[in-house]
Amino acid sequence: MRTAQVMAEQDLPGLLIMGIGGTHGVQESLAALLKKHFSVITMKELLENKKEVGKKIQCIFVSEFRPTIDQELLESLPNLKVIGNSGVGVDHLNLKMISNFGVRVTNTPHAVADSTADMGMALMLASARRLVEGSQIAVSPDTNYFAADWLGVEVTRATLGIIGMGRIGYKVAQRARAFEMKILYHNRNRRSQEEEQAVGACYSEMEDLLQQSDFVMLVVNLTPQTEKLIGKKELGLMKPTATLINISRGAVIDQDALVEALQNKTIKAAALDVTYPEPLPRNHPLLKLNNVIITPHIGTATVQATHMMAEEAIANMLSVLNCQPIPSEVFPQ
Amino acid sequence: MKVKPKIMKGEELPGLLVNEIGGMHGILHDHVEFLKKHFCLITMKEFLENKKNMSKKVQAVYLWWHKPVIDKDLLQSLPNLKVIANSGVGMDHLDLKLVASFGVKMANAPCAVSSSTADTGMALLLASARRLVEGYHVAVSPGMEYCEADFLGVEVTGATLGIIGMGSIGYKIALRAKAFEMKILYHNRTRRKEQEEQAVGALYCEKIDDLLCQADFVMVVVSLTPQTHKLIGKREMELMKPTATLINISRGAVVDQEALVIALRSGVIRAAALDVTYPEPLPRDHPLLKLKNVIITPHLGIKTDKATRMITEEAVENILAALAGLPMPSEVHPS
């Protein structure tokens, strides 16, 4: 029995992961899931015996951007066929370089969508209603009353401008609609009329969206075209009562311009699940502004989402190994 | 129907008593101009300094955050008082029977309140589920740089929400939660109509226990009455899932706070998010302030620019109707 088990495990394709548990490792429960389909090898095990162990690795599971995929690593893995990224953004991967090694890359667009849309809504509501500030007042040793004139801004029936109406952006629109929000959106491609009507969304040019929105939510991929998409000009077009929410990538916003806009009250507030870099240096001005909420990239940080992402990544990697159609392959631009 | 004040030429506007203007419990400065169009504003300070002259002028009182306190003494000193308008929907701070015994009508402001309070409920639900406040502290704290890979919250999309109290606020929460594909259970004194249930996909739980043992999120949206006092206590919390979150946007006294502290400390429930406590604010040494799995907010409820504006407009409409002897849009009677 035992021999058969050991044999079976060795038959499973080798999968490289950063580690198991701890601050940067894969969760124990996810490791167990991976072990059902792969012979799981940690970076530590690889580095201890690169020559022998390197040959066994056919797949890499990249989670929270780890392990880092560089030329050295790729050269040490002659039988690598696919990198399965947990998450939808792949801007941390050098797709051209990886492609040159004949290795495919997959992501997990389905698993991330609901959780990320929920996080966008959470940030918008928290910012509008001054939830973080309020929670600090509620527990502060100096508080002896709650001021009557301490107010936030209304979300119901306000105007939400969604920049990037892909899978996640559309789910944000579905949620916002239930708050009777007026929804404007901007996207590379316009959605179909039925899709627009289903969520009551109006297609807008960027300038119009920025000028009319009470809340601007960024839900785009990071590409050379979207880097610093929101800069001084765009912030200047926004209402002084408006809030900027970012659940894309930090580099989509010109952070220096954002700091200036927040300090000068060009816009009212910002709520960022993503920054550049992550985390920000501890002396960064964004950390000191009281009209900013920052969260540590927890857009998909739920028990359920992380499991779904692992499952989606597993399905993608297995499809490559089994020469089947690949559900979510990503290609260099 | 908008009621226009019947002002004879040369006649004074009816006197409206308010606690104060601005300050801790005062009428918002932004609303003063609007109020002065219809009323002669009298503050409690002005009234107390000159009771003899002022007392006959006061025909209405506008309560802002439960002040001024309406007691027998005050009612006796206002012979021409016709109506008390409350900012907000909760009337538990008023002795309705006492007020009615003086022949004074009462009104609350239900329309303005429901959307903003529903939004507060959703904000707290999402913030608690996704550990937003904790996450913020990780993101900005000088000592903590990396967010652990095992910093995980719980999923909102597709989870089960149990709404206790399906009045207009509870129903608006159901409408919002539906968009997150949440499964909705509700418990209420009376069952809603079938169409109303179907519109939000809500299942009625005649027994509160059935709701408590199935819900991932329990949201309390009831009025405070003798029947709802300590509605959620040790027994109710033990029926809840250990992975569940309790959200209170009603009144602090609806939840047994001591039982809540114990339940949160021992993992009987996962977390709580409270916009209301008893008292408000809590004493600074209260155990709830120290628990990691609690979010407390300072009675955000309706605290937005638009909602507060609408509340004052609703109050004015009610007062003008009462003074004109017309039906009031939201009159409240003693039960």
# chains A, B, ... in the order shown; residues from 1 in each chain; ligands from 1
>>> residues_around(residues="A:Gln27", least_positions_apart="6", cutoff="10 Å", atoms="only C-alpha atoms", output="MDAnalysis selection string")
(chainID A and resid 19:21 33 303 306:307) or (chainID B and resid 149:150)
>>> write_last_selection(atoms="C-alpha atoms", output="short mmCIF file (atom, residue, chain, number, x, y, z; two decimals), in the first residue's frame")
data_model
loop_
_atom_site.label_atom_id
_atom_site.label_comp_id
_atom_site.auth_asym_id
_atom_site.auth_seq_id
_atom_site.Cartn_x
_atom_site.Cartn_y
_atom_site.Cartn_z
CA GLY A 19 6.47 27.71 0.83
CA ILE A 20 3.76 26.44 3.14
CA GLY A 21 2.40 28.52 6.01
CA LEU A 33 -5.54 20.95 -2.19
CA VAL A 303 -11.14 32.00 2.84
CA THR A 306 -8.31 32.02 -2.01
CA HIS A 307 -9.67 28.50 -2.37
CA ALA B 149 -0.65 35.89 3.59
CA ASP B 150 -3.03 34.41 6.16
#
>>> interface_residues(of="chain B", to="chain A", cutoff="7 Å", atoms="only C-alpha atoms", output="PyMOL selection string")
chain B and resi 24-26+28+115-116+123+126-127+132-133+135-136+138-140+142+145-155+157+175-176+179-180+281+284+289+295-298+303-306
>>> select_by_dssp(residues="stretch 2-191 of chain B", states="helix (DSSP H, G or I)", output="PyMOL selection string")
chain B and resi 29-38+44-49+51-54+72-76+96-101+110-129+132-140+168-178
>>> residues_around(residues="stretch 227-239 of chain A", least_positions_apart="2", cutoff="6 Å", atoms="only C-alpha atoms", output="number ranges by chain")
A: 210-211, 224-225, 241-242, 251-254, 257
>>> residues_around(residues="B:Ile311", least_positions_apart="5", cutoff="6 Å", atoms="only C-alpha atoms", output="PyMOL selection string")
chain B and resi 87+109+112
>>> residues_around(residues="stretch 53-58 of chain A", least_positions_apart="2", cutoff="12 Å", atoms="only C-alpha atoms", output="PyMOL selection string")
chain A and resi 10-17+38-51+60-61+72-84+102-104+317-318+320-322
>>> write_last_selection(atoms="N, CA and C atoms", output="tab-separated table (two decimals), in the first residue's frame")
chain	number	residue	atom	x	y	z
A	10	GLN	N	4.95	10.29	-6.65
A	10	GLN	CA	6.06	10.63	-7.54
A	10	GLN	C	5.59	10.76	-8.97
A	11	ASP	N	4.47	10.08	-9.30
A	11	ASP	CA	3.93	10.18	-10.64
A	11	ASP	C	3.28	11.52	-10.88
A	12	LEU	N	2.88	12.14	-9.83
A	12	LEU	CA	2.21	13.42	-9.99
A	12	LEU	C	3.23	14.44	-10.49
A	13	PRO	N	2.75	15.37	-11.35
A	13	PRO	CA	3.66	16.39	-11.88
A	13	PRO	C	4.20	17.29	-10.76
A	14	GLY	N	5.44	17.70	-10.87
A	14	GLY	CA	6.06	18.55	-9.85
A	14	GLY	C	5.56	19.98	-9.96
A	15	LEU	N	5.17	20.54	-8.81
A	15	LEU	CA	4.69	21.92	-8.74
A	15	LEU	C	5.53	22.70	-7.74
A	16	LEU	N	6.09	23.80	-8.18
A	16	LEU	CA	6.89	24.65	-7.30
A	16	LEU	C	6.00	25.70	-6.65
A	17	ILE	N	6.15	25.83	-5.32
A	17	ILE	CA	5.48	26.92	-4.61
A	17	ILE	C	6.50	27.63	-3.73
A	38	PHE	N	-0.61	17.44	-7.50
A	38	PHE	CA	0.80	17.67	-7.82
A	38	PHE	C	1.71	17.12	-6.74
A	39	SER	N	2.95	16.90	-7.13
A	39	SER	CA	3.99	16.65	-6.15
A	39	SER	C	4.53	18.03	-5.79
A	40	VAL	N	4.18	18.51	-4.60
A	40	VAL	CA	4.47	19.90	-4.24
A	40	VAL	C	5.90	20.05	-3.75
A	41	ILE	N	6.61	20.99	-4.35
A	41	ILE	CA	8.02	21.24	-4.01
A	41	ILE	C	8.16	22.70	-3.61
A	42	THR	N	8.77	22.95	-2.45
A	42	THR	CA	8.95	24.34	-1.99
A	42	THR	C	10.25	24.92	-2.55
A	43	MET	N	10.35	26.25	-2.55
A	43	MET	CA	11.57	26.93	-3.02
A	43	MET	C	12.79	26.44	-2.23
A	44	LYS	N	12.59	26.24	-0.96
A	44	LYS	CA	13.69	25.78	-0.09
A	44	LYS	C	14.22	24.44	-0.60
A	45	GLU	N	13.29	23.52	-0.89
A	45	GLU	CA	13.68	22.19	-1.38
A	45	GLU	C	14.40	22.31	-2.73
A	46	LEU	N	13.93	23.23	-3.58
A	46	LEU	CA	14.57	23.43	-4.89
A	46	LEU	C	15.99	23.95	-4.72
A	47	LEU	N	16.14	24.97	-3.88
A	47	LEU	CA	17.45	25.60	-3.71
A	47	LEU	C	18.47	24.65	-3.08
A	48	GLU	N	17.98	23.70	-2.28
A	48	GLU	CA	18.88	22.73	-1.63
A	48	GLU	C	19.48	21.77	-2.66
A	49	ASN	N	18.79	21.56	-3.76
A	49	ASN	CA	19.27	20.57	-4.73
A	49	ASN	C	18.74	20.91	-6.13
A	50	LYS	N	19.20	22.06	-6.63
A	50	LYS	CA	18.67	22.59	-7.89
A	50	LYS	C	18.71	21.58	-9.03
A	51	LYS	N	19.83	20.91	-9.18
A	51	LYS	CA	20.01	20.05	-10.35
A	51	LYS	C	19.01	18.92	-10.43
A	60	ILE	N	4.55	26.04	-11.87
A	60	ILE	CA	4.78	26.91	-10.71
A	60	ILE	C	3.45	27.54	-10.33
A	61	PHE	N	3.11	27.50	-9.03
A	61	PHE	CA	1.92	28.17	-8.51
A	61	PHE	C	2.38	29.48	-7.90
A	72	GLU	N	17.00	33.47	-13.99
A	72	GLU	CA	17.77	32.44	-13.30
A	72	GLU	C	16.88	31.25	-12.95
A	73	LEU	N	15.70	31.55	-12.42
A	73	LEU	CA	14.78	30.49	-12.03
A	73	LEU	C	14.34	29.69	-13.26
A	74	LEU	N	13.98	30.42	-14.32
A	74	LEU	CA	13.49	29.74	-15.52
A	74	LEU	C	14.57	28.85	-16.13
A	75	GLU	N	15.81	29.31	-16.07
A	75	GLU	CA	16.91	28.50	-16.61
A	75	GLU	C	17.12	27.22	-15.82
A	76	SER	N	16.76	27.24	-14.53
A	76	SER	CA	16.99	26.05	-13.69
A	76	SER	C	15.84	25.05	-13.77
A	77	LEU	N	14.81	25.36	-14.58
A	77	LEU	CA	13.65	24.46	-14.66
A	77	LEU	C	13.41	24.03	-16.11
A	78	PRO	N	14.21	23.05	-16.60
A	78	PRO	CA	14.15	22.68	-18.02
A	78	PRO	C	12.82	22.09	-18.46
A	79	ASN	N	12.06	21.53	-17.50
A	79	ASN	CA	10.79	20.88	-17.87
A	79	ASN	C	9.56	21.69	-17.51
A	80	LEU	N	9.78	22.97	-17.20
A	80	LEU	CA	8.65	23.84	-16.82
A	80	LEU	C	7.74	24.07	-18.02
A	81	LYS	N	6.44	23.86	-17.83
A	81	LYS	CA	5.47	24.05	-18.91
A	81	LYS	C	4.52	25.22	-18.67
A	82	VAL	N	4.19	25.45	-17.40
A	82	VAL	CA	3.18	26.49	-17.14
A	82	VAL	C	3.39	27.15	-15.78
A	83	ILE	N	3.11	28.46	-15.77
A	83	ILE	CA	3.05	29.20	-14.51
A	83	ILE	C	1.58	29.54	-14.27
A	84	GLY	N	1.04	28.98	-13.16
A	84	GLY	CA	-0.36	29.25	-12.81
A	84	GLY	C	-0.41	30.35	-11.78
A	102	GLY	N	9.29	29.21	-23.71
A	102	GLY	CA	8.27	28.24	-24.13
A	102	GLY	C	7.34	27.86	-23.00
A	103	VAL	N	7.21	28.73	-22.02
A	103	VAL	CA	6.36	28.44	-20.86
A	103	VAL	C	5.06	29.25	-20.98
A	104	ARG	N	3.92	28.61	-20.68
A	104	ARG	CA	2.64	29.32	-20.73
A	104	ARG	C	2.33	29.95	-19.37
A	317	MET	N	-3.55	24.81	-14.90
A	317	MET	CA	-2.26	24.14	-15.05
A	317	MET	C	-2.45	22.72	-15.57
A	318	LEU	N	-3.44	22.01	-15.05
A	318	LEU	CA	-3.69	20.64	-15.51
A	318	LEU	C	-4.07	20.62	-16.99
A	320	VAL	N	-2.99	22.51	-19.29
A	320	VAL	CA	-1.75	22.64	-20.06
A	320	VAL	C	-1.03	21.30	-20.11
A	321	LEU	N	-0.89	20.67	-18.94
A	321	LEU	CA	-0.18	19.40	-18.87
A	321	LEU	C	-0.89	18.31	-19.67
A	322	ASN	N	-2.21	18.40	-19.73
A	322	ASN	CA	-2.99	17.38	-20.43
A	322	ASN	C	-3.30	17.76	-21.88
>>> closest_residue(among="B:Pro279, B:Pro14, B:Gly201, B:Gly167", to="B:Ala324", atoms="only C-alpha atoms")
B:Pro14
>>> atom_distance(atom1="atom CA of A:Gly89", atom2="atom CA of A:Ile247")
11.2 Å
>>> atom_distance(atom1="atom CA of A:Pro277", atom2="atom CA of A:Ala313")
25.3 Å
>>> atom_distance(atom1="atom CA of A:Arg249", atom2="atom CA of A:Thr275")
6.6 Å
>>> select_by_dssp(residues="stretch 99-330 of chain A", states="strand (DSSP E or B)", output="ChimeraX atom specification")
/A:104-106,152,159-163,182-186,201-203,215-218,230,243-246,253,269-272,292-294,302,329-330
>>> write_last_selection(atoms="N, CA and C atoms", output="compact mmCIF listing (two decimals), in the first residue's frame")
# COMPACT_ATOMS: atom_id res chain seq x y z
N ARG A 104 3.92 28.61 -20.68
CA ARG A 104 2.64 29.32 -20.73
C ARG A 104 2.33 29.95 -19.37
N VAL A 105 1.49 30.98 -19.41
CA VAL A 105 1.07 31.65 -18.17
C VAL A 105 -0.46 31.67 -18.11
N THR A 106 -1.02 31.34 -16.94
CA THR A 106 -2.48 31.41 -16.78
C THR A 106 -2.82 32.25 -15.55
N GLY A 152 -20.87 62.46 7.00
CA GLY A 152 -20.25 61.88 5.81
C GLY A 152 -21.07 62.28 4.60
N THR A 159 -23.61 59.51 -7.85
CA THR A 159 -23.13 59.06 -9.16
C THR A 159 -21.80 58.33 -9.03
N LEU A 160 -21.76 57.11 -9.54
CA LEU A 160 -20.54 56.30 -9.52
C LEU A 160 -19.98 56.20 -10.93
N GLY A 161 -18.71 56.55 -11.10
CA GLY A 161 -18.04 56.42 -12.40
C GLY A 161 -17.08 55.25 -12.34
N ILE A 162 -17.34 54.21 -13.15
CA ILE A 162 -16.49 53.02 -13.14
C ILE A 162 -15.54 53.08 -14.34
N ILE A 163 -14.25 53.13 -14.05
CA ILE A 163 -13.26 53.14 -15.13
C ILE A 163 -12.71 51.73 -15.26
N LYS A 182 -26.45 56.33 -9.74
CA LYS A 182 -26.40 56.60 -11.18
C LYS A 182 -25.02 56.10 -11.62
N ILE A 183 -24.99 55.25 -12.65
CA ILE A 183 -23.71 54.63 -13.02
C ILE A 183 -23.22 55.06 -14.39
N LEU A 184 -22.03 55.66 -14.40
CA LEU A 184 -21.34 55.99 -15.65
C LEU A 184 -20.16 55.03 -15.76
N TYR A 185 -19.77 54.67 -17.00
CA TYR A 185 -18.59 53.82 -17.11
C TYR A 185 -17.77 54.17 -18.33
N HIS A 186 -16.49 53.89 -18.22
CA HIS A 186 -15.59 54.08 -19.35
C HIS A 186 -14.79 52.81 -19.53
N ALA A 201 -26.21 51.39 -16.65
CA ALA A 201 -24.93 52.11 -16.80
C ALA A 201 -24.88 52.88 -18.12
N CYS A 202 -24.36 54.12 -18.06
CA CYS A 202 -24.20 54.94 -19.27
C CYS A 202 -22.74 55.02 -19.66
N TYR A 203 -22.46 54.74 -20.94
CA TYR A 203 -21.08 54.84 -21.42
C TYR A 203 -20.68 56.30 -21.48
N PHE A 215 -18.23 59.43 -7.01
CA PHE A 215 -17.28 58.37 -6.67
C PHE A 215 -16.67 57.87 -7.97
N VAL A 216 -15.34 57.82 -8.07
CA VAL A 216 -14.66 57.29 -9.25
C VAL A 216 -13.93 56.02 -8.83
N MET A 217 -14.28 54.90 -9.47
CA MET A 217 -13.66 53.64 -9.10
C MET A 217 -12.81 53.08 -10.25
N LEU A 218 -11.56 52.78 -9.95
CA LEU A 218 -10.63 52.26 -10.96
C LEU A 218 -10.61 50.74 -10.91
N ILE A 230 -4.61 58.00 -14.08
CA ILE A 230 -5.18 59.10 -13.28
C ILE A 230 -4.02 59.94 -12.77
N THR A 243 -14.73 61.26 -4.44
CA THR A 243 -13.83 60.29 -3.83
C THR A 243 -13.28 59.37 -4.91
N LEU A 244 -11.97 59.09 -4.84
CA LEU A 244 -11.31 58.17 -5.77
C LEU A 244 -11.07 56.84 -5.08
N ILE A 245 -11.50 55.74 -5.71
CA ILE A 245 -11.31 54.41 -5.12
C ILE A 245 -10.48 53.58 -6.10
N ASN A 246 -9.42 52.94 -5.59
CA ASN A 246 -8.57 52.15 -6.48
C ASN A 246 -8.47 50.71 -6.01
N ILE A 253 -2.44 55.05 -10.77
CA ILE A 253 -2.55 56.44 -10.31
C ILE A 253 -1.15 57.06 -10.17
N ALA A 269 -11.48 62.81 -1.04
CA ALA A 269 -10.92 61.67 -0.32
C ALA A 269 -10.48 60.58 -1.30
N ALA A 270 -9.72 59.61 -0.78
CA ALA A 270 -9.33 58.46 -1.59
C ALA A 270 -9.38 57.21 -0.73
N ALA A 271 -9.63 56.08 -1.37
CA ALA A 271 -9.62 54.78 -0.68
C ALA A 271 -8.87 53.82 -1.59
N LEU A 272 -7.75 53.30 -1.08
CA LEU A 272 -6.83 52.53 -1.93
C LEU A 272 -6.57 51.14 -1.36
N VAL A 292 -7.68 59.66 3.65
CA VAL A 292 -7.29 58.49 2.85
C VAL A 292 -7.51 57.22 3.67
N ILE A 293 -8.14 56.22 3.04
CA ILE A 293 -8.16 54.88 3.64
C ILE A 293 -7.25 54.03 2.78
N ILE A 294 -6.31 53.33 3.43
CA ILE A 294 -5.47 52.38 2.69
C ILE A 294 -5.68 51.00 3.31
N THR A 302 -10.16 36.39 1.17
CA THR A 302 -11.17 35.68 1.97
C THR A 302 -10.87 34.20 1.85
N GLU A 329 -5.57 31.52 -20.41
CA GLU A 329 -4.17 31.77 -20.69
C GLU A 329 -3.96 33.27 -20.93
N VAL A 330 -2.83 33.79 -20.50
CA VAL A 330 -2.50 35.19 -20.80
C VAL A 330 -1.27 35.23 -21.69
>>> closest_atom_pairs(of="stretch 232-278 of chain B", to="stretch 89-108 of chain B", cutoff="12 Å", atoms="only C-alpha atoms", output="tab-separated table")
residue	atom	partner	partner_atom	distance
B:Ile249	CA	B:Gly90	CA	11.3
B:Ser250	CA	B:Gly90	CA	8.6
B:Arg251	CA	B:Gly90	CA	8.6
B:Gly252	CA	B:Asp92	CA	11.7
B:Ala253	CA	B:Asp92	CA	10.7
B:Val254	CA	B:Asp92	CA	11.7
>>> closest_residue(among="A:Gln71, A:Asn107, A:Ser99, A:Thr266", to="A:Asn85", atoms="only C-alpha atoms")
A:Asn107
>>> decode(residues="stretch 81-92 of chain A", atoms="all heavy atoms", output="PDB file, in the first residue's frame")
ATOM      1  N   LYS A  81       6.442  23.855 -17.830  1.00  0.00           N
ATOM      2  CA  LYS A  81       5.471  24.047 -18.913  1.00  0.00           C
ATOM      3  C   LYS A  81       4.520  25.225 -18.672  1.00  0.00           C
ATOM      4  O   LYS A  81       4.087  25.881 -19.616  1.00  0.00           O
ATOM      5  CB  LYS A  81       4.643  22.769 -19.114  1.00  0.00           C
ATOM      6  CG  LYS A  81       5.510  21.565 -19.407  1.00  0.00           C
ATOM      7  CD  LYS A  81       4.869  20.516 -20.252  1.00  0.00           C
ATOM      8  CE  LYS A  81       5.884  19.454 -20.710  1.00  0.00           C
ATOM      9  NZ  LYS A  81       7.033  19.221 -19.818  1.00  0.00           N
ATOM     10  N   VAL A  82       4.187  25.450 -17.403  1.00  0.00           N
ATOM     11  CA  VAL A  82       3.178  26.487 -17.142  1.00  0.00           C
ATOM     12  C   VAL A  82       3.390  27.147 -15.777  1.00  0.00           C
ATOM     13  O   VAL A  82       3.787  26.496 -14.813  1.00  0.00           O
ATOM     14  CB  VAL A  82       1.748  25.890 -17.235  1.00  0.00           C
ATOM     15  CG1 VAL A  82       1.561  24.724 -16.288  1.00  0.00           C
ATOM     16  CG2 VAL A  82       0.672  26.948 -17.009  1.00  0.00           C
ATOM     17  N   ILE A  83       3.114  28.461 -15.765  1.00  0.00           N
ATOM     18  CA  ILE A  83       3.052  29.204 -14.509  1.00  0.00           C
ATOM     19  C   ILE A  83       1.585  29.539 -14.265  1.00  0.00           C
ATOM     20  O   ILE A  83       0.964  30.241 -15.070  1.00  0.00           O
ATOM     21  CB  ILE A  83       3.881  30.495 -14.582  1.00  0.00           C
ATOM     22  CG1 ILE A  83       5.375  30.140 -14.723  1.00  0.00           C
ATOM     23  CG2 ILE A  83       3.659  31.358 -13.329  1.00  0.00           C
ATOM     24  CD1 ILE A  83       6.253  31.316 -15.066  1.00  0.00           C
ATOM     25  N   GLY A  84       1.041  28.984 -13.162  1.00  0.00           N
ATOM     26  CA  GLY A  84      -0.360  29.245 -12.815  1.00  0.00           C
ATOM     27  C   GLY A  84      -0.406  30.347 -11.779  1.00  0.00           C
ATOM     28  O   GLY A  84       0.004  30.142 -10.632  1.00  0.00           O
ATOM     29  N   ASN A  85      -0.847  31.550 -12.173  1.00  0.00           N
ATOM     30  CA  ASN A  85      -0.918  32.658 -11.234  1.00  0.00           C
ATOM     31  C   ASN A  85      -2.239  32.621 -10.475  1.00  0.00           C
ATOM     32  O   ASN A  85      -3.302  32.408 -11.072  1.00  0.00           O
ATOM     33  CB  ASN A  85      -0.786  33.984 -11.981  1.00  0.00           C
ATOM     34  CG  ASN A  85      -0.626  35.159 -11.045  1.00  0.00           C
ATOM     35  OD1 ASN A  85       0.309  35.210 -10.262  1.00  0.00           O
ATOM     36  ND2 ASN A  85      -1.551  36.098 -11.112  1.00  0.00           N
ATOM     37  N   SER A  86      -2.158  32.823  -9.165  1.00  0.00           N
ATOM     38  CA  SER A  86      -3.366  32.945  -8.346  1.00  0.00           C
ATOM     39  C   SER A  86      -3.719  34.418  -8.320  1.00  0.00           C
ATOM     40  O   SER A  86      -2.995  35.231  -7.757  1.00  0.00           O
ATOM     41  CB  SER A  86      -3.072  32.436  -6.930  1.00  0.00           C
ATOM     42  OG  SER A  86      -4.133  32.757  -6.074  1.00  0.00           O
ATOM     43  N   GLY A  87      -4.810  34.791  -8.972  1.00  0.00           N
ATOM     44  CA  GLY A  87      -5.140  36.206  -9.126  1.00  0.00           C
ATOM     45  C   GLY A  87      -5.239  36.533 -10.600  1.00  0.00           C
ATOM     46  O   GLY A  87      -4.789  35.758 -11.449  1.00  0.00           O
ATOM     47  N   VAL A  88      -5.821  37.702 -10.906  1.00  0.00           N
ATOM     48  CA  VAL A  88      -6.026  38.033 -12.317  1.00  0.00           C
ATOM     49  C   VAL A  88      -4.927  38.925 -12.890  1.00  0.00           C
ATOM     50  O   VAL A  88      -4.553  38.801 -14.055  1.00  0.00           O
ATOM     51  CB  VAL A  88      -7.438  38.658 -12.531  1.00  0.00           C
ATOM     52  CG1 VAL A  88      -7.553  40.030 -11.857  1.00  0.00           C
ATOM     53  CG2 VAL A  88      -7.772  38.765 -13.997  1.00  0.00           C
ATOM     54  N   GLY A  89      -4.363  39.817 -12.069  1.00  0.00           N
ATOM     55  CA  GLY A  89      -3.314  40.716 -12.554  1.00  0.00           C
ATOM     56  C   GLY A  89      -2.010  39.966 -12.745  1.00  0.00           C
ATOM     57  O   GLY A  89      -1.599  39.193 -11.877  1.00  0.00           O
ATOM     58  N   VAL A  90      -1.363  40.184 -13.908  1.00  0.00           N
ATOM     59  CA  VAL A  90      -0.089  39.515 -14.157  1.00  0.00           C
ATOM     60  C   VAL A  90       1.017  40.516 -14.479  1.00  0.00           C
ATOM     61  O   VAL A  90       2.024  40.186 -15.103  1.00  0.00           O
ATOM     62  CB  VAL A  90      -0.192  38.448 -15.284  1.00  0.00           C
ATOM     63  CG1 VAL A  90      -0.965  37.242 -14.799  1.00  0.00           C
ATOM     64  CG2 VAL A  90      -0.825  39.032 -16.534  1.00  0.00           C
ATOM     65  N   ASP A  91       0.823  41.761 -14.017  1.00  0.00           N
ATOM     66  CA  ASP A  91       1.806  42.801 -14.317  1.00  0.00           C
ATOM     67  C   ASP A  91       3.139  42.563 -13.611  1.00  0.00           C
ATOM     68  O   ASP A  91       4.137  43.177 -13.943  1.00  0.00           O
ATOM     69  CB  ASP A  91       1.244  44.178 -13.933  1.00  0.00           C
ATOM     70  CG  ASP A  91       0.637  44.160 -12.549  1.00  0.00           C
ATOM     71  OD1 ASP A  91      -0.510  43.704 -12.416  1.00  0.00           O
ATOM     72  OD2 ASP A  91       1.314  44.603 -11.594  1.00  0.00           O
ATOM     73  N   HIS A  92       3.168  41.646 -12.641  1.00  0.00           N
ATOM     74  CA  HIS A  92       4.404  41.332 -11.932  1.00  0.00           C
ATOM     75  C   HIS A  92       5.211  40.278 -12.673  1.00  0.00           C
ATOM     76  O   HIS A  92       6.328  39.929 -12.256  1.00  0.00           O
ATOM     77  CB  HIS A  92       4.089  40.834 -10.511  1.00  0.00           C
ATOM     78  CG  HIS A  92       3.145  39.660 -10.493  1.00  0.00           C
ATOM     79  ND1 HIS A  92       1.812  39.777 -10.800  1.00  0.00           N
ATOM     80  CD2 HIS A  92       3.360  38.345 -10.244  1.00  0.00           C
ATOM     81  CE1 HIS A  92       1.229  38.591 -10.723  1.00  0.00           C
ATOM     82  NE2 HIS A  92       2.144  37.703 -10.396  1.00  0.00           N
TER      83      HIS A  92
END
